[in-house]
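Participant: Take a look at this one; I'll ask things after.
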Amino acid sequence: MAARALREAGRRRGWAAEVGRRCFSGGSAGTAVPERKEGGGGKPVNLFTAVNQALHIALDTDPRAYVFGEDVGFGGVFRCTTGLADRFGKNRVFNTPLCEQGIAGFAIGLAAMGNRAIAEIQFADYIFPAFDQIVNEAAKFRYRSGNEFNCGGLTIRTPYGAVGHGGHYHSQSPEAFFCHVPGLKVIIPRSPREAKGLLLASIRDPNPVVFFEPKWLYRLSVEEVPEEDYMLPLSQAEVIRKGSDITLIGWGAQLAVLKEACEDAAKDGVSCELIDLKTLIPWDKETVEASVKKTGKLLVSHEAPITGGFGAEIAASIAERCFQRLEAPVARVCGLDTPFPLVYEPFYMPTKNKVLDAIKATVNY
Amino acid sequence: MAAMWLARRAARRLPPLLSRQGGEPTRPWFLGSTAPPPVLGSPPLPAVERIFRRGFCSVRRFAGESSAAAAADADEEEPENGFAGGDQAIDFPGGKVSFMAEMNFLPESHGERIKCYRVLDDDGKTISGSRFQEVSKEVAVKMYSEMVTLHIMDNIFYEAQRQGRISFYLTSNGEEAINIASAAALSIDDIVLPQYREPGVLMWRGFTLQEFANQCFGNNMDYGKGRQMPIHYGSNRLNYFTVSSPIATQLPHAVGAAYSLKMDKKDACAITYFGDGGTSEGDFHAALNFAAVMEAPVIFFCRNNGWAISTPTTEQFRSDGVVIRGQAYGIRGIRVDGNDALAVYSAVHAAREMAIAEGRPILVEALTYRVGHHSTSDDSTKYRPVDEIEHWRTARDPISRYRKWVQGNDWWSDAEESELRSRVRKELLQAIQVAERMQKPPVAELFTDVYDQVPSNLREQEQLLRDTIMKHPADYPTDVPV
Ligand SMILES: Cc1ncc(C[n+]2csc(CCOP(=O)(O)OP(=O)(O)O)c2C)c(N)n1
């Protein structure tokens, strides 16, 4: 008697899971939205405005989308959520208590009921209290239940990286921790147009995504961003500069440094091919492999400490795949193996000249 | 002279505290009446009652009916079991619990909000009947001077940040009484684990204006070796753990530190400070629970200033503030007017005595208001009314309220006031100049302290970095010696 009641109740509860699956298992719900390769057109806006546009669209196009986190109600400490609460109401856009594990856990539950939970962690440096929820819960929700449940509607946005004066706890790049977790996707955009398209794709992707925003570029990076709804493909790297002597890979804010290095190297007659990885897991090995097979040399660069950084994974994979074609060891130009230091920031950073020196050393190997 | 005598008389002497040697324990005045707290259990909400009436029709009685009748009835129905006997209680693993026949839900609140302990009224006069810890003239004047000093330091450093001379700053405006008076009630052996809005505690312990400036400028004399943002002070000498930006992480540390003090039989406690926002973090709950279970002599000092950046306390929690939560963990607590220096001083003084003598945690919730912006990265007029800020900045200012009391005792004069202000201002400008001119710590310090010794990977990275600096000196700041 009791057992049957329990089963019945179970069946009824299953409804929510169904909704979840329908929304997020069969590929992006927004496939009708065009995927754009080259943005072009639109007004020049900065990166936080592009993120803001994406959030407006996400809330507008899906009544089951929610945006929340610490201080998002008044627009967020980086202004990314400006105007959202006014437009969509406090039930869909709201402040949470100051508790990252709560934010992540709440977001997982919300997503598991078939919603798009777009959670903000105020700084990537403060994502660690949420680590258990993200690593043990979000990432394994689908797998551990045999796809009975999933939290694919979950997207965690968080600003990462150096800003010039952030010290230990407003500067870190913790992406590699999350790249070690099967079940998550990790995305990092390099510019406003990329941020908008990749964020919309992340929100609509049927898997939990950790979306790192380069906070140095929030105001600094300005480009034309199409006003309409568009998505950029995940797990697809982009060759943003063609070259023949060496392949450089990076993501997020570091691409600006790599671009400058490419230009300076060109003056010295070295032709660099520059790749924006965009999605760190699952990553687009083919694009990188094709490039390295052509150039025979690879340099990876990121702000996070070099040891155990995602550059190590790229170097190992490419060594496996391109061993015969590599003409020099894979070079890594990364942050130092120290906590992120305030007055030493210029020393810690993988600067243009460090990259340039490594390009020369690799090319002349 | 007369005023001084009156003030002395107002400060009634405390009865002796429980001594550790035992004896008949007298209940100290600050524990309030000996009557047990009122029993929770107002009638359940009508909605709840409806649901249950619908759901379980076999249940005969709800709380609306007389509980005396219920108890009598329950007695009759007492089943034969080996545990309960006739007294309607069972030894559950957590202790004996008695039964009731009513289905009473604990209410979500007590109804009336927990009262706030206060000594000084808005005019700086002691409230009639108020009991507080006596403060000597010397301590009282030092407290006042340091509140003023803290305020001036905040204004000048804030301005220095605006001028781009330091990268960041954050004031304690409006929380000067909390800072200084709580510090004054402690002993230097007590271990402080701060959040970040408590530099006054460090100031009270003897951190000089020059030391504050050195940290904010991250120069060669900064104990943190320029590695952390401004305001992340710390001093081993002064038993003040270094500030860490992640919120609430210091709370469990405080419990561990307190446990150590207890194991070492020290006449000292740990005190940790945090904001209302901090109480939402898991670490807050972990720390309170650990402290209760480990019987750790730790004071949890919450500065409930109404705001966590832009988030008001109504969006932070729905409990009656913070102090009530101590009860759920089995921790004694008090709510105090955070803008009343004498109340803060007395409450912390008493909390410290209890924590050490009885080996127990105490929760202090100081009600106050964050008068400044959250930090130099914030403009709080975006999310709260300017007149609210103004009201707290002027009418509720803790410094002027306390000054009235000190001056009412004839312990302070207008002449001393202007002498103090101009001296502190001069000292600060001097400190800033010195701090600014000083070199940064040398490059070698980038690699030390990651571990006790510099490991080989870092030695290698240091060499590479030095080569790069030689090659590209223009990339590097000139005030960092290589
Ligand atoms: C774990 C963590 N999450 C978020 C932040 C960003 N942050 C810095 S201060 C702050 C608000 C803290 O408010 P409260 O504890 O009430 O202290 P107050 O600033 O009011 O003194 C937030 C959210 C942080 N420092 N650490």
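Every chain in the structure tokens takes a letter, A first, then B, and so on in the order presented; its residues are numbered from 1, and the ligands are numbered from 1 following the presented order.
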So which residues of region 146-360 of chain A fall under strand (DSSP E or B) by DSSP, listed as a VMD selection string?
Facilitator: chain A and resid 154 to 160 185 to 187 209 to 214 222 to 225 231 238 to 241 246 to 250 272 to 276 279 to 281 298 to 305 331 to 335
Participant: Quick check: residues of chain B within 9 Å of chain A, only C-alpha atoms, returned as a PyMOL selection string.
Facilitator: chain B and resi 167-168+218-219+225-229+244-247+277-283+308-311+313+315-317+377-378+382-383+440-441+443+446-447+450+457-458+461+465+468-469+472+475-477+480
Participant: Considering only C-alpha atoms, return as a PyMOL selection string whatever protein or nucleic-acid residues lie within 12 Å of Val270 (chain A), sequence-local ones (same chain, fewer than 5 positions apart) excluded.
Facilitator: chain A and resi 242-247+261-265+295+356-357+359-364
Participant: Measure the distance from CA of Ala140 (chain B) to CA of Thr242 (chain B) in Å and round it to one decimal.
Facilitator: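 Separating CA of Ala140 (chain B) from CA of Thr242 (chain B) is a distance of 27.7 Å.
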Participant: Counting only C-alpha atoms and all ligand atoms, which of B:Val243, B:Ile152, B:Met203, B:Cys216 gets nearest to ligand 1?
Facilitator: B:Val243
Participant: Have a look at atom 5 (C, counted along the ligand's line) of ligand 1 and CA of Ala124 (chain A) and let me know their distance in Å, one decimal.
Facilitator: 9.8 Å
